[in-house]
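Participant: I'm passing along final31.cif; it holds mmCIF, C-alpha atoms.
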data_protein
#
loop_
_atom_site.label_atom_id
_atom_site.label_comp_id
_atom_site.auth_asym_id
_atom_site.auth_seq_id
_atom_site.Cartn_x
_atom_site.Cartn_y
_atom_site.Cartn_z
CA MET A 1 -3.97 6.95 -22.80
CA LYS A 2 -5.63 8.61 -19.79
CA ARG A 3 -9.26 8.29 -18.88
CA THR A 4 -11.22 9.48 -15.87
CA LEU A 5 -12.84 7.14 -13.39
CA THR A 6 -15.96 8.35 -11.61
CA THR A 7 -17.46 5.41 -9.79
CA MET A 8 -16.30 1.88 -9.12
CA LEU A 9 -18.92 0.40 -6.87
CA LEU A 10 -17.37 -2.26 -4.61
CA LEU A 11 -19.30 -4.29 -2.06
CA VAL A 12 -16.76 -4.49 0.72
CA LEU A 13 -16.21 -6.87 3.62
CA ALA A 14 -12.94 -5.78 5.21
CA ALA A 15 -11.47 -5.86 8.69
CA CYS A 16 -10.74 -3.34 11.44
CA GLY A 17 -12.93 -0.35 10.76
CA SER A 18 -14.30 -0.77 7.22
CA ASP A 19 -17.96 -1.75 7.43
CA GLY A 20 -18.57 -1.99 3.69
CA ASP A 21 -21.20 0.74 3.54
CA VAL A 22 -21.03 2.32 0.10
CA SER A 23 -24.51 3.80 0.07
CA GLY A 24 -25.15 7.15 -1.56
CA THR A 25 -26.70 8.82 1.44
CA VAL A 26 -25.16 11.74 3.22
CA ALA A 27 -22.46 10.52 5.61
CA GLY A 28 -23.88 9.56 8.98
CA GLY A 29 -27.29 8.84 7.52
CA GLY A 30 -28.53 12.39 6.87
CA VAL A 31 -31.05 12.76 4.05
CA THR A 32 -30.44 15.50 1.53
CA ASN A 33 -33.05 18.26 1.21
CA ALA A 34 -33.18 21.87 0.09
CA ALA A 35 -32.33 23.18 3.56
CA GLY A 36 -29.67 20.57 4.13
CA THR A 37 -28.58 18.54 7.14
CA ILE A 38 -26.68 19.84 10.16
CA GLN A 39 -24.51 17.41 12.09
CA LEU A 40 -21.08 16.85 13.59
CA ASP A 41 -18.35 15.78 11.18
CA SER A 42 -17.22 13.05 13.62
CA THR A 43 -18.55 11.29 16.70
CA THR A 44 -15.13 11.00 18.39
CA TYR A 45 -12.32 13.48 19.05
CA ASP A 46 -8.99 13.12 20.85
CA ILE A 47 -7.28 16.17 22.36
CA THR A 48 -4.20 16.63 24.48
CA GLU A 49 -4.27 18.69 27.67
CA GLY A 50 -3.24 22.29 27.08
CA LEU A 51 -4.58 22.41 23.50
CA VAL A 52 -7.81 23.48 21.81
CA VAL A 53 -10.21 20.90 20.41
CA ASN A 54 -12.17 22.14 17.39
CA ILE A 55 -15.49 20.33 17.04
CA LEU A 56 -16.62 20.65 13.41
CA VAL A 57 -20.32 21.17 12.65
CA THR A 58 -21.33 20.75 9.01
CA ARG A 59 -24.29 21.81 6.92
CA SER A 60 -24.44 19.73 3.73
CA GLY A 61 -26.92 18.50 1.14
CA GLY A 62 -28.64 21.88 0.83
CA SER A 63 -28.37 25.51 1.95
CA SER A 64 -31.80 27.06 1.41
CA GLY A 65 -32.86 29.38 4.24
CA VAL A 66 -31.32 30.37 7.54
CA ALA A 67 -30.54 27.42 9.82
CA SER A 68 -29.31 27.21 13.39
CA VAL A 69 -28.45 24.61 16.01
CA ASP A 70 -27.72 24.70 19.74
CA TYR A 71 -24.74 22.90 21.29
CA ALA A 72 -23.74 22.04 24.84
CA THR A 73 -21.15 19.94 26.68
CA SER A 74 -21.87 17.35 29.38
CA ASP A 75 -19.68 15.30 31.70
CA GLY A 76 -18.51 11.78 31.05
CA THR A 77 -15.53 10.74 33.16
CA ALA A 78 -14.20 14.30 32.76
CA VAL A 79 -15.67 16.96 35.05
CA ALA A 80 -16.65 20.43 33.79
CA GLY A 81 -14.76 23.20 35.55
CA THR A 82 -11.89 20.84 36.42
CA ASP A 83 -10.96 18.88 33.30
CA TYR A 84 -12.63 21.08 30.68
CA PRO A 85 -14.75 24.26 30.56
CA ALA A 86 -18.52 23.84 30.32
CA THR A 87 -19.46 25.23 26.90
CA SER A 88 -22.78 25.97 25.18
CA GLY A 89 -24.12 28.25 22.48
CA THR A 90 -25.82 28.50 19.09
CA LEU A 91 -24.40 28.25 15.57
CA THR A 92 -26.19 29.97 12.68
CA PHE A 93 -25.81 29.25 8.96
CA ALA A 94 -26.96 32.07 6.66
CA ASP A 95 -29.33 31.52 3.75
CA GLY A 96 -27.30 29.95 0.94
CA ALA A 97 -24.44 29.02 3.29
CA SER A 98 -23.27 25.45 3.80
CA GLY A 99 -19.91 24.13 4.91
CA ILE A 100 -18.31 23.97 8.35
CA GLN A 101 -18.43 25.93 11.60
CA GLU A 102 -16.34 25.22 14.68
CA ILE A 103 -16.98 24.81 18.39
CA SER A 104 -13.60 25.55 20.01
CA ILE A 105 -12.89 24.34 23.54
CA ARG A 106 -9.53 24.86 25.27
CA ILE A 107 -8.53 21.99 27.54
CA PRO A 108 -6.52 23.02 30.63
CA ASP A 109 -3.29 21.25 31.53
CA ASP A 110 -2.53 19.85 34.96
CA SER A 111 0.38 18.05 36.59
CA THR A 112 -1.46 14.84 37.44
CA ALA A 113 -0.83 11.69 35.38
CA GLU A 114 -4.18 10.14 34.55
CA VAL A 115 -5.94 7.96 32.02
CA ALA A 116 -7.91 9.50 29.19
CA GLU A 117 -11.10 11.22 30.38
CA THR A 118 -14.16 11.98 28.28
CA PHE A 119 -16.96 14.50 27.89
CA THR A 120 -19.73 14.86 25.32
CA VAL A 121 -20.73 17.63 22.92
CA THR A 122 -24.37 17.43 21.83
CA LEU A 123 -26.32 19.26 19.13
CA SER A 124 -30.02 20.03 19.73
CA ASN A 125 -32.89 22.34 18.79
CA VAL A 126 -32.02 22.52 15.11
CA SER A 127 -34.06 25.07 13.18
CA GLY A 128 -34.38 25.53 9.42
CA ALA A 129 -32.64 22.25 8.51
CA ALA A 130 -32.61 18.57 9.40
CA LEU A 131 -30.52 17.23 12.29
CA GLY A 132 -28.24 14.45 11.11
CA VAL A 133 -27.45 11.18 12.86
CA ASN A 134 -24.10 12.53 14.11
CA SER A 135 -25.71 14.74 16.77
CA SER A 136 -23.24 14.03 19.59
CA ALA A 137 -19.50 13.45 19.90
CA THR A 138 -17.30 12.02 22.62
CA VAL A 139 -14.13 14.00 23.34
CA SER A 140 -11.24 12.08 24.93
CA ILE A 141 -8.72 14.17 26.86
CA VAL A 142 -5.22 12.67 26.69
CA ASP A 143 -2.80 13.50 29.48
CA VAL A 144 0.54 14.80 28.14
CA SER A 145 2.31 13.37 31.20
CA ALA A 146 0.95 9.90 30.37
CA GLY A 147 3.98 9.04 28.27
CA LEU A 148 6.84 6.58 28.26
CA PRO A 149 8.08 4.71 30.18
CA ILE A 150 4.95 2.72 30.97
CA THR A 151 3.83 2.97 34.60
CA ASP A 152 0.87 1.74 36.63
CA ASP A 153 -0.70 5.18 36.43
CA HIS A 154 -0.93 5.50 32.68
CA ALA A 155 -0.60 2.04 31.10
CA ARG A 156 -4.22 2.29 30.01
CA ALA A 157 -3.60 5.63 28.28
CA ILE A 158 -0.56 4.18 26.49
CA THR A 159 -2.65 1.19 25.40
CA GLU A 160 -5.36 3.46 24.02
CA GLU A 161 -2.82 5.54 22.08
CA VAL A 162 -1.09 2.56 20.48
CA LEU A 163 -4.30 0.69 19.60
CA TRP A 164 -5.67 3.90 18.06
CA ALA A 165 -2.51 4.15 15.95
CA VAL A 166 -2.86 0.54 14.83
CA THR A 167 -6.24 1.38 13.24
CA TRP A 168 -4.93 4.34 11.16
CA PRO A 169 -4.37 2.45 7.91
CA ASP A 170 -7.94 1.19 7.91
CA TYR A 171 -9.22 4.77 7.87
CA LEU A 172 -7.23 5.15 4.67
CA ILE A 173 -8.81 1.98 3.31
CA ASP A 174 -12.22 3.46 4.14
CA LEU A 175 -11.35 6.62 2.22
CA LEU A 176 -10.23 4.68 -0.83
CA ASP A 177 -13.40 2.59 -0.69
CA LEU A 178 -15.51 5.72 -0.52
CA ILE A 179 -13.93 7.38 -3.53
CA GLY A 180 -14.21 4.11 -5.45
CA LEU A 181 -10.70 2.80 -5.96
CA PRO A 182 -9.93 -0.93 -6.28
CA VAL A 183 -8.36 -1.48 -2.90
CA ILE A 184 -10.40 -4.14 -1.14
CA VAL A 185 -12.33 -6.59 -3.27
CA SER A 186 -13.36 -9.26 -0.77
CA VAL A 187 -16.87 -9.64 -2.12
CA ASN A 188 -19.31 -12.32 -1.11
CA PRO A 189 -19.69 -14.37 -4.32
CA ALA A 190 -23.27 -15.23 -3.35
CA ALA A 191 -24.31 -11.61 -3.83
CA PRO A 192 -25.52 -11.17 -7.43
CA GLU A 193 -24.61 -7.50 -7.45
CA SER A 194 -20.94 -8.27 -6.80
CA GLY A 195 -18.38 -6.86 -9.19
CA VAL A 196 -17.43 -3.49 -10.57
CA VAL A 197 -19.54 -0.89 -12.35
CA MET A 198 -17.59 1.83 -14.15
CA ASP A 199 -18.58 5.17 -15.59
CA VAL A 200 -15.73 7.00 -17.32
CA SER A 201 -17.62 10.13 -18.36
CA THR A 202 -16.33 12.50 -15.69
CA ASP A 203 -13.41 12.91 -13.34
CA VAL A 204 -15.07 14.60 -10.33
CA ILE A 205 -16.53 12.80 -7.33
CA ALA A 206 -18.54 14.79 -4.78
CA CYS A 207 -17.60 14.38 -1.12
CA ASP A 208 -19.94 15.36 1.70
CA GLU A 209 -18.01 18.62 1.53
CA GLY A 210 -15.64 19.44 -1.33
CA GLU A 211 -14.72 17.10 -4.15
CA VAL A 212 -12.16 14.61 -5.40
CA SER A 213 -10.73 14.35 -8.90
CA VAL A 214 -9.70 10.83 -9.93
CA THR A 215 -7.66 10.20 -13.09
CA TRP A 216 -7.13 6.66 -14.32
CA ASP A 217 -4.09 6.02 -16.51
CA ASP A 218 -5.10 2.90 -18.46
CA ALA A 219 -1.55 1.90 -19.37
CA ASP A 220 -2.45 -0.82 -21.87
CA ASN A 221 -5.50 0.98 -23.25
CA ASN A 222 -7.80 -2.01 -22.74
CA LEU A 223 -10.54 -0.32 -20.65
CA VAL A 224 -9.91 -2.89 -17.91
CA ILE A 225 -8.08 -2.22 -14.66
CA SER A 226 -4.95 -4.30 -14.97
CA THR A 227 -1.28 -4.54 -14.04
CA GLY A 228 0.59 -1.31 -14.71
CA ASP A 229 -2.40 1.04 -14.47
CA THR A 230 -2.15 4.02 -12.12
CA PHE A 231 -4.62 6.39 -10.44
CA ASP A 232 -4.06 10.01 -9.44
CA VAL A 233 -6.40 11.37 -6.76
CA VAL A 234 -6.59 15.08 -5.92
CA SER A 235 -8.69 16.17 -2.95
CA GLU A 236 -10.04 19.71 -2.76
CA TYR A 237 -10.98 20.02 0.92
CA CYS A 238 -12.82 16.71 0.87
CA LEU A 239 -14.78 15.74 3.98
CA PHE A 240 -16.12 12.19 4.27
CA GLY A 241 -18.36 11.94 7.30
CA ASP A 242 -18.14 8.14 7.26
CA THR A 243 -14.47 8.40 8.20
CA GLY A 244 -14.84 11.61 10.21
CA MET A 245 -11.76 12.98 8.47
CA TRP A 246 -10.97 15.62 5.90
CA PHE A 247 -8.47 15.44 3.05
CA PHE A 248 -6.68 18.08 1.03
CA GLY A 249 -3.83 17.02 -1.23
CA THR A 250 -2.84 14.23 -3.57
CA MET A 251 -2.78 10.45 -3.50
CA THR A 252 -1.31 8.19 -6.16
CA ILE A 253 -2.06 4.51 -6.73
CA THR A 254 1.03 2.87 -8.28
CA ASN A 255 2.66 -0.54 -8.63
CA LEU A 256 -0.72 -2.07 -9.38
CA VAL A 257 -0.45 -5.83 -9.96
CA VAL A 258 -3.58 -7.80 -10.86
CA THR A 259 -3.62 -11.60 -11.07
CA GLY A 260 -6.67 -13.58 -12.06
CA ASP A 261 -9.97 -11.69 -12.05
CA PRO A 262 -10.60 -10.11 -8.63
CA PHE A 263 -13.20 -7.66 -9.95
CA ASN A 264 -15.52 -10.40 -11.20
CA GLN A 265 -14.56 -12.71 -8.32
CA VAL A 266 -13.05 -15.54 -10.36
CA ALA A 267 -10.79 -17.53 -8.04
CA PRO A 268 -7.87 -17.61 -7.60
CA TRP A 269 -7.13 -13.90 -7.76
CA GLY A 270 -4.81 -11.32 -6.28
CA LEU A 271 -4.47 -7.55 -6.12
CA ALA A 272 -1.45 -5.56 -4.98
CA LEU A 273 -0.78 -1.82 -5.06
CA THR A 274 1.07 1.03 -3.42
CA VAL A 275 -0.74 4.12 -2.18
CA GLY A 276 1.41 7.25 -2.08
CA LEU A 277 -0.20 9.73 0.32
CA GLU A 278 0.19 13.48 0.60
CA ALA A 279 -3.30 14.20 1.90
CA LEU A 280 -4.09 15.50 5.37
CA PRO A 281 -4.33 14.01 7.88
CA PHE A 282 -2.07 11.26 6.49
CA SER A 283 1.23 11.17 4.68
CA GLY A 284 3.48 8.32 3.60
CA ASP A 285 3.30 5.15 1.52
CA LEU A 286 1.07 2.18 2.10
CA GLY A 287 1.40 -1.21 0.40
CA ILE A 288 -1.73 -3.35 0.19
CA GLU A 289 -2.14 -6.94 -1.02
CA ILE A 290 -5.36 -8.95 -1.20
CA SER A 291 -5.77 -12.46 -2.54
CA SER A 292 -8.15 -15.41 -2.48
CA GLU A 293 -8.05 -19.00 -3.72
CA ASP A 294 -11.73 -19.77 -3.29
CA ASN A 295 -13.60 -16.44 -2.80
CA VAL A 296 -14.47 -17.58 0.73
CA VAL A 297 -11.16 -17.12 2.57
CA VAL A 298 -9.52 -13.80 1.76
CA ASP A 299 -5.98 -12.89 2.85
CA ARG A 300 -5.01 -9.26 3.21
CA SER A 301 -1.79 -7.54 4.23
CA ILE A 302 -1.03 -3.86 4.80
CA ALA A 303 2.49 -2.56 5.30
CA THR A 304 4.30 0.75 5.53
CA ALA A 305 7.87 1.79 6.20
CA SER A 306 6.63 5.10 7.62
CA LEU A 307 3.18 6.62 7.87
CA TRP A 308 2.30 9.69 9.87
CA ALA A 309 -1.00 11.20 10.91
CA VAL A 310 -1.80 14.47 12.65
CA ASP A 311 -3.91 14.89 15.75
CA ILE A 312 -6.24 17.79 16.55
CA GLY A 313 -3.23 19.89 17.54
CA PHE A 314 -1.53 19.11 14.20
CA ASN A 315 1.30 17.15 15.77
CA PRO A 316 2.54 14.16 13.77
CA HIS A 317 2.20 10.67 15.23
CA THR A 318 4.23 8.13 13.27
CA LEU A 319 3.87 4.44 12.50
CA SER A 320 7.00 2.74 11.18
CA ASP A 321 7.83 -0.82 10.14
CA TYR A 322 4.10 -1.46 10.36
CA VAL A 323 2.74 -4.79 9.11
CA LEU A 324 -0.84 -6.02 9.43
CA THR A 325 -1.86 -9.45 8.17
CA GLU A 326 -5.39 -10.73 8.21
CA THR A 327 -7.42 -13.72 7.14
CA LEU A 328 -11.12 -13.14 6.57
CA ASP A 329 -13.56 -16.07 6.37
CA LEU A 330 -16.59 -14.72 4.54
CA ASN A 331 -18.77 -17.71 5.43
CA ALA A 332 -18.07 -17.68 9.16
CA LEU A 333 -17.62 -13.87 9.22
CA THR A 334 -14.46 -14.40 11.24
CA GLN A 335 -11.30 -12.30 11.10
CA VAL A 336 -7.87 -13.36 12.36
CA VAL A 337 -5.53 -10.37 12.70
CA ASN A 338 -1.83 -9.95 13.50
CA VAL A 339 -0.07 -6.58 13.64
CA SER A 340 3.37 -5.27 14.60
CA GLY A 341 5.43 -2.11 14.32
CA THR A 342 6.70 1.00 16.11
CA PHE A 343 4.66 4.01 17.25
CA THR A 344 6.07 7.47 18.00
CA ASN A 345 4.02 10.14 19.78
CA PRO A 346 5.35 13.74 19.69
CA TYR A 347 4.58 14.10 23.40
CA TRP A 348 6.62 11.04 24.38
CA GLU A 349 10.33 10.57 24.77
CA GLY A 350 11.20 7.43 22.86
CA ALA A 351 9.00 5.03 20.90
CA ALA A 352 6.62 2.21 21.69
CA ILE A 353 7.29 -1.12 19.96
CA PHE A 354 4.22 -3.32 19.57
CA GLU A 355 3.65 -6.87 18.40
CA THR A 356 0.88 -9.45 18.42
CA LEU A 357 1.80 -12.46 20.54
CA GLN A 358 -1.46 -14.30 19.88
CA ASP A 359 -3.62 -13.55 16.84
CA PHE A 360 -6.75 -11.52 17.51
CA VAL A 361 -9.94 -13.41 16.66
CA ILE A 362 -12.90 -11.22 15.72
CA MET A 363 -16.41 -12.45 15.01
CA ALA A 364 -18.47 -10.35 12.58
CA HIS A 365 -18.62 -6.73 13.84
CA ASP A 366 -17.78 -7.58 17.46
CA ASN A 367 -14.70 -6.84 19.55
CA PRO A 368 -11.86 -9.39 19.64
CA SER A 369 -12.73 -12.43 21.76
CA ALA A 370 -9.15 -13.70 21.91
CA GLY A 371 -5.66 -12.35 21.31
CA GLN A 372 -2.58 -10.91 23.01
CA PHE A 373 -0.77 -7.67 22.21
CA PHE A 374 2.56 -6.57 23.71
CA ILE A 375 3.76 -2.94 24.01
CA SER A 376 7.24 -2.03 25.22
CA ASP A 377 9.69 0.88 25.20
CA ASN A 378 12.64 -1.41 26.09
CA SER A 379 12.43 -0.34 29.74
CA SER A 380 8.80 -1.14 30.63
CA SER A 381 5.89 -3.00 29.10
CA VAL A 382 2.20 -3.77 29.12
CA LEU A 383 0.66 -7.05 27.92
CA ILE A 384 -2.90 -6.69 26.61
CA THR A 385 -5.04 -9.85 26.63
CA ALA A 386 -8.56 -10.11 25.24
CA LEU A 387 -10.35 -12.11 27.93
CA ASP A 388 -13.51 -12.17 25.83
CA ASN A 389 -15.37 -9.80 23.51
CA ILE A 390 -16.16 -7.47 26.43
CA ASN A 391 -13.19 -7.47 28.79
CA VAL A 392 -9.48 -6.73 28.30
CA GLN A 393 -6.68 -7.43 30.78
CA LEU A 394 -3.60 -5.19 31.08
CA GLU A 395 -0.51 -6.65 32.82
CA ILE A 396 2.08 -3.98 33.60
CA ASP A 397 5.82 -4.54 34.10
CA VAL A 398 7.30 -1.16 35.01
CA ASP A 399 10.96 -2.21 34.82
CA LEU A 400 11.00 -5.26 32.47
CA ASP A 401 12.22 -7.57 35.24
CA GLY A 402 9.68 -10.23 34.25
CA THR A 403 7.44 -9.52 37.25
CA ILE A 404 3.93 -8.17 36.74
CA ASP A 405 3.61 -5.10 38.97
CA GLN A 406 -0.09 -4.46 38.40
CA THR A 407 -3.02 -6.08 36.59
CA ILE A 408 -5.98 -4.03 35.35
CA VAL A 409 -9.19 -5.31 33.74
CA VAL A 410 -11.15 -2.86 31.59
CA THR A 411 -13.73 -3.21 28.84
CA TRP A 412 -13.20 -2.65 25.12
CA ALA A 413 -15.75 0.15 25.41
CA GLU A 414 -13.67 1.86 28.12
CA LEU A 415 -10.62 1.74 25.84
CA ASN A 416 -12.75 3.51 23.22
CA ILE A 417 -11.23 1.23 20.55
CA LYS A 418 -13.15 -1.11 18.26
CA LEU A 419 -10.92 -3.47 16.30
CA GLY A 420 -13.77 -5.36 14.61
CA SER A 421 -15.02 -4.44 11.13
#
Would it be possible to restate this file's structure as C-alpha cells?

Facilitator:
Amino acid sequence: MKRTLTTMLLLVLAACGSDGDVSGTVAGGGVTNAAGTIQLDSTTYDITEGLVVNILVTRSGGSSGVASVDYATSDGTAVAGTDYPATSGTLTFADGASGIQEISIRIPDDSTAEVAETFTVTLSNVSGAALGVNSSATVSIVDVSAGLPITDDHARAITEEVLWAVTWPDYLIDLLDLIGLPVIVSVNPAAPESGVVMDVSTDVIACDEGEVSVTWDDADNNLVISTGDTFDVVSEYCLFGDTGMWFFGTMTITNLVVTGDPFNQVAPWGLALTVGLEALPFSGDLGIEISSEDNVVVDRSIATASLWAVDIGFNPHTLSDYVLTETLDLNALTQVVNVSGTFTNPYWEGAAIFETLQDFVIMAHDNPSAGQFFISDNSSSVLITALDNINVQLEIDVDLDGTIDQTIVVTWAELNIKLGS
C-alpha cells in the first residue's frame, strides 16, 4: 500500500556541513512577504579559468509589484581586469514574476599555475522587495593548470579541490534532511520535541523554488517507517537555498533497515538505507548507516562505490570507493571523523587518492583542531595537518622520495573549507 509523506520533522545534529536547521523560514533567513525576497541562491561559487560563472539571483516568497536590485563585483585575492572582468548592473523582476535571474561572468584563462583566487559579488539597493541574508557571494577561480602531479605551486589548490569533494555527501544529507526523510536521527534525548511528526495528507513539499513529490511505500502497511519501506522522491526544479544547490530528477530510498526505535530515540537503535540518486547536481548511490547504544554517542558511516557531481561548467567530478566514518558525542559536542577514497577531476590527468592518517577532531561548529589527511597521485603527495582550529600545515613531496620539498601554513578560512557541522 502506498501513502504520501509530507513532513517528517527531525531535529538534527550531524557532522560536516549539516547544522540541523529545519526551520520554516525562507532559505538564508529571508522573511516571506507579498513582494518577496531577493537574494543570491548561494554564498560560494567555484569556477574554472576559461569558463563562465553564472551567479543565480532569486526572488521567492512573493511576486507582487516590480522589484529590482543592483549588483557589483569587488576584488578579493583576484584582481579585476586581470583575473576577472569588473561587472555591475541591475536586475529587474516584473510584477508577478519570481524565480531566478543570472549574472554571467566569463573568467579568462592564463598560462600561470596559481592557487585559487577569489572575488565577491554583492547585491545592493533593492527596490520593491526585501533583500535576503544571502546578499553577497565569494567566487573562487580554480586554475586549470593546477592539476596533478602535485607541485609546490599548486598543492594548496589540490588540497582545496579534494577537501571540497570530501564534503559532497553531506550536501546530500542536508537535502534529505530538508525534504524530511529519515536519514540522520541523532537527536538530543533531552529535547522534549525530539521525535518524528508525520502528516500523510499530501505528497508535495514546497522548495524555495519549485517542489518535491515524496511517495512513501509502507511495505507492511503499519503506518510506521520500518524495514522494507521505500521512498520515491521526484524534484521539479527544486532549489534549496540552505544547500545552495538545485535539484531536478529522481531519488529513491531503498534497502531501509530499522532496528530498535530510532525515531522515538529508544536506545539501542540503528538505521541503514541506500539513496539512489539521479538528481542534478549529483548522481550515484550512497549508503548511510546510523546507530546509537545510549543516545549520547552516535556512530555514522557514509559510503559510495561511485558518486559524481557537476561543477558550474557542468563537468563531472567523481568520488569512488568513498568511506566516511564518524562518532558524534552529543554531550561534549565533539565529532571524530575519518574519510578515504579516490577523487577524479575532469581537468586533471589521473586521480587523487586520499586517506585520513589521524582522525579529525572537531568541537561543536568549529574547524578541526587535530587530524592528518594524505593526498597522493602515486607520483607526488601532500600531507595536510590540522595544527589547531585556525591553522593548517601542508607538507609537499613532489616526487614521493620521502623528502618534504616545501612546507606551507595556511588557515582553514584561506582554504575556504569548513569541515565542522

Participant: Report the residues retrieved by the PyMOL selection byres ((chain A and resi 287-292) around 6) from the displayed file, expressed as a PyMOL selection string.

Facilitator: chain A and resi 268-274+286+293-295+298-303

Participant: Expanded to explicit residues, what is the PyMOL selection byres ((chain A and resi 116-122) around 8) for this file, as number ranges by chain?

Facilitator: A: 71-79, 114-115, 123-124, 135-143, 157

Participant: Hey, can you spit out that residue selection with C-alpha atoms as a compact mmCIF listing (two decimals), in the frame of the given file?

Facilitator:
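To be explicit, this is the file written out as out.txt:
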# COMPACT_ATOMS: atom_id res chain seq x y z
CA TYR A 71 -24.74 22.90 21.29
CA ALA A 72 -23.74 22.04 24.84
CA THR A 73 -21.15 19.94 26.68
CA SER A 74 -21.87 17.35 29.38
CA ASP A 75 -19.68 15.30 31.70
CA GLY A 76 -18.51 11.78 31.05
CA THR A 77 -15.53 10.74 33.16
CA ALA A 78 -14.20 14.30 32.76
CA VAL A 79 -15.67 16.96 35.05
CA GLU A 114 -4.18 10.14 34.55
CA VAL A 115 -5.94 7.96 32.02
CA LEU A 123 -26.32 19.26 19.13
CA SER A 124 -30.02 20.03 19.73
CA SER A 135 -25.71 14.74 16.77
CA SER A 136 -23.24 14.03 19.59
CA ALA A 137 -19.50 13.45 19.90
CA THR A 138 -17.30 12.02 22.62
CA VAL A 139 -14.13 14.00 23.34
CA SER A 140 -11.24 12.08 24.93
CA ILE A 141 -8.72 14.17 26.86
CA VAL A 142 -5.22 12.67 26.69
CA ASP A 143 -2.80 13.50 29.48
CA ALA A 157 -3.60 5.63 28.28

Participant: When you look at segment 87-104 of chain A with a cut-off of 9 Å (counting only C-alpha atoms), what residues show up, excluding the ones that are within fewer than 2 positions of it in the same chain? I need them as JSON, numbers by chain.

Facilitator: {"A": [35, 36, 41, 52, 53, 54, 55, 56, 57, 58, 59, 60, 61, 62, 63, 64, 65, 66, 67, 68, 69, 70, 71, 72, 73, 74, 80, 84, 85, 106, 121, 209, 210]}

Participant: Looking at A:Arg156, A:Asp46, A:Leu131, A:Trp164, which one is nearest to Ile384 of chain A, with distances taken over only C-alpha atoms?

Facilitator: A:Arg156

Participant: Counting all atoms listed in the file, figure out which residue out of A:Leu415, A:Val410, A:Val296, A:Met363 gets nearest to Glu161 of chain A.

Facilitator: A:Leu415

Participant: Residues around (-4.4, 3.7, -6.4), cut-off 6 Å, counting all atoms listed in the file - what are they as a PyMOL selection string?

Facilitator: chain A and resi 231+252-254+275

Participant: Edge lengths and centre in Å to one decimal, as JSON, of the axis-aligned box that encloses all listed atoms of segment 292-300 of chain A with 3 Å added on every side?

Facilitator:
{"center_x": -9.7, "center_y": -14.5, "center_z": -0.3, "size_x": 15.5, "size_y": 16.5, "size_z": 12.9}

Participant: Starting from the PyMOL selection byres ((chain A and resi 329-338) around 8), expand the selection into actual residues of this file and give them as a PyMOL selection string.

Facilitator: chain A and resi 13+15+188+296-298+324-328+339-340+355-356+358-364

Participant: In Å, how far is it from atom CA of Glu349 of chain A to atom CA of Val398 of chain A?

Facilitator: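 Going from atom CA of Glu349 of chain A over to atom CA of Val398 of chain A covers 15.9 Å.
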
Participant: Please, what distance in Å, to one decimal, runs between atom CA of Tyr237 of chain A and atom CA of Asp218 of chain A?

Facilitator: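 So the answer is 26.5 Å.
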
Participant: Pick out the closest residue to Asn378 of chain A from this set: A:Gly81, A:Pro149, A:Pro169, A:Gly249. Count all atoms listed in the file.

Facilitator: A:Pro149

Participant: Between atom CA of Asp232 of chain A and atom CA of Ser283 of chain A, what is the distance, to one decimal in Å?

Facilitator: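 Separation of atom CA of Asp232 of chain A and atom CA of Ser283 of chain A: 15.1 Å.
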
Participant: So, with only C-alpha atoms as the atoms that count, which of A:Ala267, A:Val257, A:Ala130, A:Met251 lies closest to Ser235 of chain A?

Facilitator: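 Checking each candidate against Ser235 of chain A, we get A:Met251 as the closest.
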
Participant: Nearest to Ile107 of chain A: which of A:Gly371, A:Gly50, A:Gly350, A:Gly128 is it, counting only C-alpha atoms?

Facilitator: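 Checking each of A:Gly371, A:Gly50, A:Gly350, A:Gly128 against Ile107 of chain A, counting only C-alpha atoms, the winner is A:Gly50.
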